[in-house]
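Colleague: I have a structure here, written as C-alpha cells, and I will follow up with some questions on it.
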Amino acid sequence: MKFIELKKLGSDLDDLNRRLQTGEITQGQAEAELTEKGAPADYRVLIGAMVNRVDPQKGIDYGQMKRRFRISDALEAAKDGVLALEDEDHRLLADLAQTHPWGMVDRNLARLVEDIRKAPAELPVRR
C-alpha cells in the first residue's frame, strides 16, 4: 500500500477575490500573493483529472479503463484526507502524473507529482 495526503496548496482564489472586493488588499497585493503561493492545487481534484484524462489520438482500452476505475474508487473512498492505493494502482498513478501535460509551470503541480511518486508505505502521521 501507498498513502498520499490529499493536500490543498496554493492560493485560495475565493478568499483572494473576497479580500480584493472588500478593499482589504490591492490588486498588486493580490498578484504578489498569487505569485508567492502559486496556483491553487487541490490534490483530490488534480488526481481525478489525471485519472480521467485520455489522449484523444490514442483513446483507452478496456483494461486500462478498469485500472483507472480502481484509482477513482479509492479517491472517492479516501478518508481523513488520505488516498490509500495498492502498489500496482500507485505505479499507474505515478506514471499518469509524470506524463500528464500540465498547462503551466507551477511549483505546486511539481510538488503534487513528487508527493505521488514518493508516497510512503505507511500512513502519514497527522499533526
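We name chains A, B, ... following the order of the C-alpha cells; residues begin at 1 in each chain, and ligands are numbered from 1 as shown.
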I need the residues in chain A that are strand (DSSP E or B) according to DSSP; give them as a PyMOL selection string.

Modeller: chain A and resi 2-5+8-9+41-42+79+82-85

Colleague: I'd like the contact shell of Ala84 in chain A - 10 Å cut-off, only C-alpha atoms, skipping same-chain residues fewer than 6 positions apart - returned as number ranges by chain.

Modeller: A: 1-5, 71, 74-75, 77-78, 90, 119, 121-123

Colleague: Would you mind exporting the chosen residues as a PDB file, in the first residue's frame, restricted to N, CA and C atoms?

Modeller:
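The resulting file, out-v4.pdb, is reproduced below:
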ATOM      1  N   MET A   1       0.839  -1.193   0.000  1.00  0.00           N
ATOM      2  CA  MET A   1       0.000   0.000   0.000  1.00  0.00           C
ATOM      3  C   MET A   1       0.879   1.250   0.000  1.00  0.00           C
ATOM      4  N   LYS A   2       0.357   2.268  -0.636  1.00  0.00           N
ATOM      5  CA  LYS A   2       0.985   3.586  -0.630  1.00  0.00           C
ATOM      6  C   LYS A   2      -0.080   4.595  -0.213  1.00  0.00           C
ATOM      7  N   PHE A   3       0.354   5.626   0.497  1.00  0.00           N
ATOM      8  CA  PHE A   3      -0.573   6.612   1.037  1.00  0.00           C
ATOM      9  C   PHE A   3      -0.194   8.015   0.570  1.00  0.00           C
ATOM     10  N   ILE A   4      -1.188   8.737   0.043  1.00  0.00           N
ATOM     11  CA  ILE A   4      -0.972  10.096  -0.456  1.00  0.00           C
ATOM     12  C   ILE A   4      -1.905  11.041   0.288  1.00  0.00           C
ATOM     13  N   GLU A   5      -1.320  12.016   0.975  1.00  0.00           N
ATOM     14  CA  GLU A   5      -2.128  13.020   1.668  1.00  0.00           C
ATOM     15  C   GLU A   5      -2.766  13.932   0.625  1.00  0.00           C
ATOM     16  N   ILE A  71      -8.408   3.479  -9.137  1.00  0.00           N
ATOM     17  CA  ILE A  71      -7.875   4.704  -8.522  1.00  0.00           C
ATOM     18  C   ILE A  71      -9.016   5.666  -8.209  1.00  0.00           C
ATOM     19  N   ALA A  74     -10.828   4.483  -5.154  1.00  0.00           N
ATOM     20  CA  ALA A  74     -10.039   4.748  -3.945  1.00  0.00           C
ATOM     21  C   ALA A  74     -10.089   6.230  -3.587  1.00  0.00           C
ATOM     22  N   LEU A  75     -10.101   7.094  -4.599  1.00  0.00           N
ATOM     23  CA  LEU A  75     -10.177   8.537  -4.365  1.00  0.00           C
ATOM     24  C   LEU A  75     -11.514   8.902  -3.721  1.00  0.00           C
ATOM     25  N   ALA A  77     -13.331   6.923  -1.924  1.00  0.00           N
ATOM     26  CA  ALA A  77     -13.394   6.295  -0.600  1.00  0.00           C
ATOM     27  C   ALA A  77     -12.382   6.875   0.387  1.00  0.00           C
ATOM     28  N   ALA A  78     -11.519   7.775  -0.069  1.00  0.00           N
ATOM     29  CA  ALA A  78     -10.458   8.319   0.789  1.00  0.00           C
ATOM     30  C   ALA A  78     -11.047   8.952   2.040  1.00  0.00           C
ATOM     31  N   HIS A  90      -0.776   2.551  -7.438  1.00  0.00           N
ATOM     32  CA  HIS A  90       0.139   3.665  -7.197  1.00  0.00           C
ATOM     33  C   HIS A  90       1.100   3.838  -8.371  1.00  0.00           C
ATOM     34  N   ALA A 119       5.230   8.548  -2.441  1.00  0.00           N
ATOM     35  CA  ALA A 119       4.221   8.215  -1.427  1.00  0.00           C
ATOM     36  C   ALA A 119       4.755   7.138  -0.480  1.00  0.00           C
ATOM     37  N   ALA A 121       4.815   4.061   2.362  1.00  0.00           N
ATOM     38  CA  ALA A 121       4.101   2.797   2.530  1.00  0.00           C
ATOM     39  C   ALA A 121       3.381   2.738   3.877  1.00  0.00           C
ATOM     40  N   GLU A 122       3.519   3.789   4.679  1.00  0.00           N
ATOM     41  CA  GLU A 122       2.833   3.871   5.969  1.00  0.00           C
ATOM     42  C   GLU A 122       1.985   5.128   5.995  1.00  0.00           C
ATOM     43  N   LEU A 123       0.895   5.072   6.749  1.00  0.00           N
ATOM     44  CA  LEU A 123       0.020   6.235   6.884  1.00  0.00           C
ATOM     45  C   LEU A 123       0.793   7.421   7.435  1.00  0.00           C
TER      46      LEU A 123
END

Colleague: So which residues of range 26-126 of chain A fall under alpha helix (DSSP H) by DSSP, listed as a ChimeraX atom specification?

Modeller: /A:27-37,43-52,62-77,87-99,107-117

Colleague: Kindly give the distance, in Å, that separates CA of Lys66 in chain A and CA of Asp95 in chain A, rounded to a single decimal.

Modeller: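 Value for the CA of Lys66 in chain A-CA of Asp95 in chain A distance: 15.9 Å.
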
Colleague: Excluding Leu6 in chain A and its own-chain neighbours fewer than 3 positions away, which residues fall within 6 Å of it when counting only C-alpha atoms? Please give them as a ChimeraX atom specification.

Modeller: /A:43-44,81-82

Colleague: For Ala94 in chain A, which of A:Asp106, A:Arg70, A:Ile47, A:Gly59 is the closest residue, counting only C-alpha atoms?

Modeller: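 Among the listed residues, A:Ile47 lies closest to Ala94 in chain A.
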
Colleague: For each of A:Leu46, A:Met65, A:Leu34, A:Leu92, take the minimum atom-to-atom distance to Leu109 in chain A, counting only C-alpha atoms, then give the residue where this is smallest.

Modeller: A:Leu46

Colleague: Interatomic distance between CA of Arg107 in chain A and CA of Ser72 in chain A?

Modeller: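 Computing it gives 24.6 Å between the two atoms.
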
Colleague: Which distance in Å separates CA of Met50 in chain A and CA of Leu96 in chain A, to one decimal?

Modeller: 6.4 Å

Colleague: Near Ala110 in chain A, counting only C-alpha atoms, which residues have an atom at most 12 Å away, once you skip same-chain residues fewer than 4 positions from it, shown as a PyMOL selection string?

Modeller: chain A and resi 9+38-39+41+43+46+97-102+104-106+114-117

Colleague: I need the residues from that last selection saved to file as a CSV table (one decimal), in the first residue's frame (with C-alpha atoms), if you can.

Modeller:
chain,number,residue,atom,x,y,z
A,9,LEU,CA,-1.8,24.0,-1.8
A,38,GLY,CA,1.2,29.7,-6.6
A,39,ALA,CA,-1.9,28.5,-8.4
A,41,ALA,CA,-3.6,22.8,-6.3
A,43,TYR,CA,-4.8,17.1,-4.9
A,46,LEU,CA,-6.0,17.1,-9.8
A,97,ALA,CA,1.3,12.1,-13.0
A,98,GLN,CA,4.7,12.2,-14.7
A,99,THR,CA,3.3,12.1,-18.2
A,100,HIS,CA,0.4,14.4,-17.7
A,101,PRO,CA,0.5,17.5,-20.0
A,102,TRP,CA,0.3,20.4,-17.5
A,104,MET,CA,1.6,25.8,-16.8
A,105,VAL,CA,4.8,25.8,-14.9
A,106,ASP,CA,4.0,25.8,-11.2
A,114,GLU,CA,6.7,14.4,-6.3
A,115,ASP,CA,4.3,13.6,-3.5
A,116,ILE,CA,2.7,10.9,-5.6
A,117,ARG,CA,6.0,9.5,-6.8

Colleague: Could you check which of A:Asp12, A:Arg91, A:Asp42, A:Val125 is closest to Arg111 in chain A, using only C-alpha atoms?

Modeller: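 Looking at the shortest contact to Arg111 in chain A, the residue is A:Asp42.
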